[in-house]
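One structure is given below, encoded as structure tokens.
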Amino acid sequence: MPSDNDYILTLSCPDKPGIIHAVTAVFASHGHNVLDLQQFSDPTSRRFFMRVHFGPKSDSASTQHLNGPLEKLAAEYDMTYDVRPMAQKMKVLIMVSKIGHCLNDLLFRMKVGQLRMEVPVIVSNHPDYEPLAKSYGIEFHHLPVTKDTKTQQESQILDLVKQHDIELVVLARYMQVLSPTLCEAMSGRIINIHHSFLPSFKGAKPYHQAYDRGVKIIGATAHFVTADLDEGPIIEQRVARVGHSMDAKELVEEGSNVESQVLATAVRWYADRRVFLNGSKTVVFG
């Protein structure tokens with residue numbers, strides 16, 4: 001069973017022989033027990049990805065003694081890495097517009113301990129969900145946005161990110177296109193839920209587009225946000241079967257359940273340090 005005293009190491013680097021041996025040797029030589037190790041070598045990008053769940057050293061609750069050896073490995077293998085206590089919750093900023101099922105689902109899962117995260121602040125371009133935020137004791141910012149005020153509004157969002165040490169922004173049905181500036185500033189740290197599969201039905205009212213096409217399955221996609229609308233690297237997708245007798249409203253209702261499940265799964269994986277960017281794709285350790 002995972003313990004809150006355990007740690008997670010994540011790393012990526014160009015692929016070459018000897019990485020696993022080198023990393024595990026560091027743990028062995030410093031008295032740490034490797035509890036779980038997942039790795040993937042991508043033959044296309046030629047990059048290596050690893051997630052290591054390891055236990056604390058018996059005589060120390062710190063991992064400072066690993067800094068030197070890991071820095072040496074990082075230099076040798078051109079490696080980026082991160083070590084986090086498993087108990088450390090990820091700080092998440094959630095953005096929402098007028099459709100709240102994903103927001104409500106994330107907050108409930110956080111409250112009951114299904115998501116290893118904390119939400120210091122919620123941002124919306126509408127005031128509708130301020131009472132919900134207050135019921136969870138979360139700071140709420142109503143930041144309306146127009147074409148003329150977009151730069152100022154997004155600057156306020158970045159100020160909140162800095163102020164609250166936000167690691168991840170979640171677009172829980174936030175129905176505004178983010179500027180390239182914001183996408184770049186938070187690259188690899190914004191997750192969106194797209195209602196319907198990508199790239200079949202983009203933009204507004206994808207369920208209505210799906211209904212008009214007479215689809216037999218609908219789905220949702222959680223993906224990283226990039227400057228290309230709805231084209232970011234995919235983290236998770238799921239589907240639901242629909243019948244010819246269902247109208248567009250029923251498709252929306254069925255789709256909302258899938259959206260909540262897919263977004264919650266993607267956020268949980270990210271908060272547990274299981275998601276790695278790999279060019280236009282992702283590596284996700286389940």
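The chains in the structure tokens are called A, B, ... from first to last as shown; in each chain the residues are counted from 1, and the ligands are counted from 1 in the order shown.
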Contacts of Leu73 (chain A) at 10 Å (only C-alpha atoms; same-chain gap of 4+ positions) as a PyMOL selection string: chain A and resi 19+22-23+26+67-69+77-81
Within 9 Å of region 118-133 of chain A, which residues of region 160-255 of chain A show up? Give each one with its shortest atom-to-atom distance in Å (one decimal) and the two atoms involved, counting only C-alpha atoms, rows by chain then rising residue number, as JSON lines.
{"residue": "A:Leu160", "atom": "CA", "partner": "A:Val121", "partner_atom": "CA", "distance": 8.0}
{"residue": "A:His164", "atom": "CA", "partner": "A:Pro120", "partner_atom": "CA", "distance": 6.9}
{"residue": "A:Ile166", "atom": "CA", "partner": "A:Pro120", "partner_atom": "CA", "distance": 8.5}
{"residue": "A:Tyr174", "atom": "CA", "partner": "A:Ser124", "partner_atom": "CA", "distance": 7.6}
{"residue": "A:Met175", "atom": "CA", "partner": "A:Asn125", "partner_atom": "CA", "distance": 8.9}
{"residue": "A:Gln176", "atom": "CA", "partner": "A:Asn125", "partner_atom": "CA", "distance": 8.7}
Residue with smallest distance to Gln88 (chain A) - pool A:Tyr7, A:Tyr211, A:Trp269, A:Phe224, counting only C-alpha atoms: A:Tyr7
For Leu263 (chain A), the nearest of the candidates A:His142, A:Arg173, A:Val225, A:Gln209, counting only C-alpha atoms: A:Arg173
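Shortest atom-to-atom contact with Gly279 (chain A) among A:Gln261, A:Gly232, A:Asn104, A:Thr146: A:Gly232, counting only C-alpha atoms.
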Closest of A:Lys57, A:Arg51, A:Arg241, A:His101 to Ser260 (chain A) - atom-to-atom distances counting only C-alpha atoms: A:His101
Those of region 4-222 of chain A in DSSP alpha helix (DSSP H), formatted as a PyMOL selection string: chain A and resi 19-29+67-77+101-111+130-135+150-163+180-185+206-213
